[in-house]
Amino acid sequence: TTADILAGNTKIGRRRDRQAGTLWPGAGRAGRAAGTRRSRALIGAGAAEGAQRTFVSTMGSDASGSCSLAAPCRGFAKALTATDPNGEIVVLDSGGYGGLTINKSVTITSPAGVYAGVSVFAGQDGIVVGAGAGKVVLRGLTINGQGGNNGIRVQAGEVHIENVVVSSMAAAGIRVDDGTSVRLSGVAIRLNLHGLSVAPQSSSLAVIVRDSEISGNTGEGVILGTAVSGVSTQVT
């Protein structure tokens, strides 16, 4: 291994140490000490990196630096900072986990039978998919308006929304401002002012809706439009 080579612990390393012993007494010990220091430095550097998979729990704490299975974080926002791009945030038990702005490719998933809530308060959007987001998957979440504006607001990226409930928002359940594509599957958007609002500002995009319900909204169920010339919207 790298540590063995640095520490002179391979057969070649030991043989060279013996051959050089008369000229460099204690070279083997020095090599091993240096190797130990270098190994510790490598381990320390690795510990500061993010994780491919992080966890949140009602029993967790945002003071946890790792958001690991053994030491989960309390909310989505903190877990996102500890998650590598293209990683996953997994909900361990039922509870509320707060809103966030997503700036990287990530999957946020709650298993069947586990309630993962996001309460959206006045003047706020629940989950914003913003600049820097590549591919984002939101799965198994319940987003509930408490005077908040939009449940999910998409401003960038390729976004997949699966088995999500969005209700009681003061503006739109799901608002799409921009991005490359948005796919809804098994989604319920109900009892909002508007259901699904799609109005891209800078690039044409496609929104695909499958096996979903948009109902009971007091304004429009689906709004399509854009104020930018040359930008088009397609919803199927």
# chains A, B, ... in the order shown; residues from 1 in each chain; ligands from 1

call {"tool": "select_by_dssp", "arguments": {"residues": "region 120-175 of chain A", "states": "strand (DSSP E)", "output": "number ranges by chain"}}
result
A: 120-121, 127-129, 135-139, 141-146, 152-154, 158-162, 165-167, 172-175

call {"tool": "residues_around", "arguments": {"residues": "region 137-152 of chain A", "least_positions_apart": "4", "cutoff": "7 Å", "atoms": "only C-alpha atoms", "output": "PyMOL selection string"}}
result
chain A and resi 106-111+116-128+159-175

call {"tool": "write_last_selection", "arguments": {"atoms": "N, CA and C atoms", "output": "mmCIF file, in the first residue's frame"}}
result
data_model
loop_
_atom_site.group_PDB
_atom_site.id
_atom_site.type_symbol
_atom_site.label_atom_id
_atom_site.label_comp_id
_atom_site.auth_asym_id
_atom_site.auth_seq_id
_atom_site.Cartn_x
_atom_site.Cartn_y
_atom_site.Cartn_z
ATOM 1 N N VAL A 106 -28.285 16.212 -6.773
ATOM 2 C CA VAL A 106 -28.531 15.469 -5.534
ATOM 3 C C VAL A 106 -29.892 14.788 -5.607
ATOM 4 N N THR A 107 -30.045 13.702 -4.863
ATOM 5 C CA THR A 107 -31.336 13.048 -4.668
ATOM 6 C C THR A 107 -31.720 13.180 -3.206
ATOM 7 N N ILE A 108 -32.934 13.652 -2.938
ATOM 8 C CA ILE A 108 -33.480 13.686 -1.580
ATOM 9 C C ILE A 108 -34.627 12.696 -1.553
ATOM 10 N N THR A 109 -34.526 11.666 -0.727
ATOM 11 C CA THR A 109 -35.496 10.584 -0.779
ATOM 12 C C THR A 109 -35.997 10.185 0.603
ATOM 13 N N SER A 110 -37.311 9.963 0.684
ATOM 14 C CA SER A 110 -37.930 9.446 1.899
ATOM 15 C C SER A 110 -38.577 8.112 1.554
ATOM 16 N N PRO A 111 -38.230 7.037 2.242
ATOM 17 C CA PRO A 111 -38.769 5.722 1.917
ATOM 18 C C PRO A 111 -40.276 5.654 2.155
ATOM 19 N N ALA A 116 -41.856 12.737 5.413
ATOM 20 C CA ALA A 116 -40.802 13.757 5.401
ATOM 21 C C ALA A 116 -41.435 15.078 5.003
ATOM 22 N N GLY A 117 -41.677 15.948 5.982
ATOM 23 C CA GLY A 117 -42.401 17.183 5.745
ATOM 24 C C GLY A 117 -41.499 18.387 5.588
ATOM 25 N N VAL A 118 -41.992 19.344 4.794
ATOM 26 C CA VAL A 118 -41.360 20.666 4.661
ATOM 27 C C VAL A 118 -42.464 21.695 4.835
ATOM 28 N N SER A 119 -42.410 22.480 5.901
ATOM 29 C CA SER A 119 -43.377 23.555 6.125
ATOM 30 C C SER A 119 -42.834 24.838 5.513
ATOM 31 N N VAL A 120 -43.715 25.542 4.779
ATOM 32 C CA VAL A 120 -43.280 26.747 4.065
ATOM 33 C C VAL A 120 -44.017 27.948 4.656
ATOM 34 N N PHE A 121 -43.280 28.859 5.265
ATOM 35 C CA PHE A 121 -43.874 29.987 5.971
ATOM 36 C C PHE A 121 -43.919 31.236 5.101
ATOM 37 N N ALA A 122 -44.606 32.251 5.563
ATOM 38 C CA ALA A 122 -44.863 33.465 4.784
ATOM 39 C C ALA A 122 -43.579 34.054 4.204
ATOM 40 N N GLY A 123 -43.660 34.414 2.921
ATOM 41 C CA GLY A 123 -42.524 35.041 2.254
ATOM 42 C C GLY A 123 -41.461 34.074 1.775
ATOM 43 N N GLN A 124 -41.678 32.770 1.954
ATOM 44 C CA GLN A 124 -40.657 31.781 1.607
ATOM 45 C C GLN A 124 -41.135 30.863 0.491
ATOM 46 N N ASP A 125 -40.163 30.233 -0.169
ATOM 47 C CA ASP A 125 -40.408 29.087 -1.030
ATOM 48 C C ASP A 125 -39.878 27.859 -0.303
ATOM 49 N N GLY A 126 -40.508 26.714 -0.518
ATOM 50 C CA GLY A 126 -40.113 25.524 0.228
ATOM 51 C C GLY A 126 -38.777 24.953 -0.212
ATOM 52 N N ILE A 127 -38.736 24.410 -1.425
ATOM 53 C CA ILE A 127 -37.502 23.858 -1.990
ATOM 54 C C ILE A 127 -37.222 24.606 -3.281
ATOM 55 N N VAL A 128 -36.054 25.234 -3.361
ATOM 56 C CA VAL A 128 -35.636 25.970 -4.554
ATOM 57 C C VAL A 128 -34.505 25.200 -5.219
ATOM 58 N N VAL A 159 -34.942 18.279 -13.342
ATOM 59 C CA VAL A 159 -35.568 18.017 -12.048
ATOM 60 C C VAL A 159 -36.616 16.913 -12.196
ATOM 61 N N HIS A 160 -36.514 15.922 -11.314
ATOM 62 C CA HIS A 160 -37.467 14.818 -11.255
ATOM 63 C C HIS A 160 -38.187 14.893 -9.910
ATOM 64 N N ILE A 161 -39.507 15.007 -9.945
ATOM 65 C CA ILE A 161 -40.314 15.101 -8.721
ATOM 66 C C ILE A 161 -41.218 13.875 -8.682
ATOM 67 N N GLU A 162 -41.010 13.015 -7.691
ATOM 68 C CA GLU A 162 -41.677 11.711 -7.667
ATOM 69 C C GLU A 162 -42.378 11.481 -6.331
ATOM 70 N N ASN A 163 -43.657 11.113 -6.389
ATOM 71 C CA ASN A 163 -44.421 10.777 -5.176
ATOM 72 C C ASN A 163 -44.333 11.883 -4.124
ATOM 73 N N VAL A 164 -44.576 13.099 -4.565
ATOM 74 C CA VAL A 164 -44.512 14.276 -3.705
ATOM 75 C C VAL A 164 -45.903 14.900 -3.622
ATOM 76 N N VAL A 165 -46.276 15.390 -2.430
ATOM 77 C CA VAL A 165 -47.523 16.117 -2.219
ATOM 78 C C VAL A 165 -47.188 17.569 -1.909
ATOM 79 N N VAL A 166 -47.822 18.505 -2.650
ATOM 80 C CA VAL A 166 -47.633 19.938 -2.407
ATOM 81 C C VAL A 166 -49.010 20.564 -2.214
ATOM 82 N N SER A 167 -49.220 21.218 -1.079
ATOM 83 C CA SER A 167 -50.552 21.762 -0.810
ATOM 84 C C SER A 167 -50.488 23.070 -0.036
ATOM 85 N N SER A 168 -51.585 23.845 -0.172
ATOM 86 C CA SER A 168 -51.842 25.046 0.639
ATOM 87 C C SER A 168 -50.808 26.147 0.459
ATOM 88 N N MET A 169 -50.316 26.320 -0.775
ATOM 89 C CA MET A 169 -49.360 27.390 -1.041
ATOM 90 C C MET A 169 -50.096 28.653 -1.488
ATOM 91 N N ALA A 170 -49.573 29.815 -1.111
ATOM 92 C CA ALA A 170 -50.211 31.089 -1.431
ATOM 93 C C ALA A 170 -50.016 31.496 -2.888
ATOM 94 N N ALA A 171 -49.033 30.942 -3.558
ATOM 95 C CA ALA A 171 -48.806 31.248 -4.975
ATOM 96 C C ALA A 171 -49.023 29.979 -5.803
ATOM 97 N N ALA A 172 -47.985 29.183 -6.013
ATOM 98 C CA ALA A 172 -48.118 27.963 -6.811
ATOM 99 C C ALA A 172 -47.563 26.766 -6.054
ATOM 100 N N GLY A 173 -48.187 25.627 -6.290
ATOM 101 C CA GLY A 173 -47.640 24.403 -5.717
ATOM 102 C C GLY A 173 -46.245 24.150 -6.244
ATOM 103 N N ILE A 174 -46.116 24.140 -7.585
ATOM 104 C CA ILE A 174 -44.815 24.000 -8.233
ATOM 105 C C ILE A 174 -44.683 25.114 -9.265
ATOM 106 N N ARG A 175 -43.615 25.889 -9.145
ATOM 107 C CA ARG A 175 -43.352 26.982 -10.085
ATOM 108 C C ARG A 175 -42.056 26.686 -10.827
#

call {"tool": "residues_around", "arguments": {"residues": "Ala82 (chain A)", "least_positions_apart": "6", "cutoff": "8 Å", "atoms": "only C-alpha atoms", "output": "MDAnalysis selection string"}}
result
chainID A and resid 49:51 54 65:67

call {"tool": "residues_around", "arguments": {"residues": "region 218-222 of chain A", "least_positions_apart": "6", "cutoff": "9 Å", "atoms": "only C-alpha atoms", "output": "PyMOL selection string"}}
result
chain A and resi 189-198

call {"tool": "residues_around", "arguments": {"residues": "Val207 (chain A)", "least_positions_apart": "4", "cutoff": "7 Å", "atoms": "only C-alpha atoms", "output": "list in words"}}
result
Ser181, Val182, Arg183, Gln234, Val235 and Thr236 of chain A

call {"tool": "atom_distance", "arguments": {"atom1": "CA of Arg153 (chain A)", "atom2": "CA of Ser212 (chain A)"}}
result
17.8 Å

call {"tool": "select_by_dssp", "arguments": {"residues": "region 54-219 of chain A", "states": "helix (DSSP H, G or I)", "output": "list in words"}}
result
Phe76, Ala77, Lys78, Ala79, Leu80 and Thr81 of chain A

call {"tool": "atom_distance", "arguments": {"atom1": "CA of Phe76 (chain A)", "atom2": "CA of Val56 (chain A)"}}
result
6.9 Å

call {"tool": "atom_distance", "arguments": {"atom1": "CA of Gly132 (chain A)", "atom2": "CA of Ala156 (chain A)"}}
result
7.5 Å
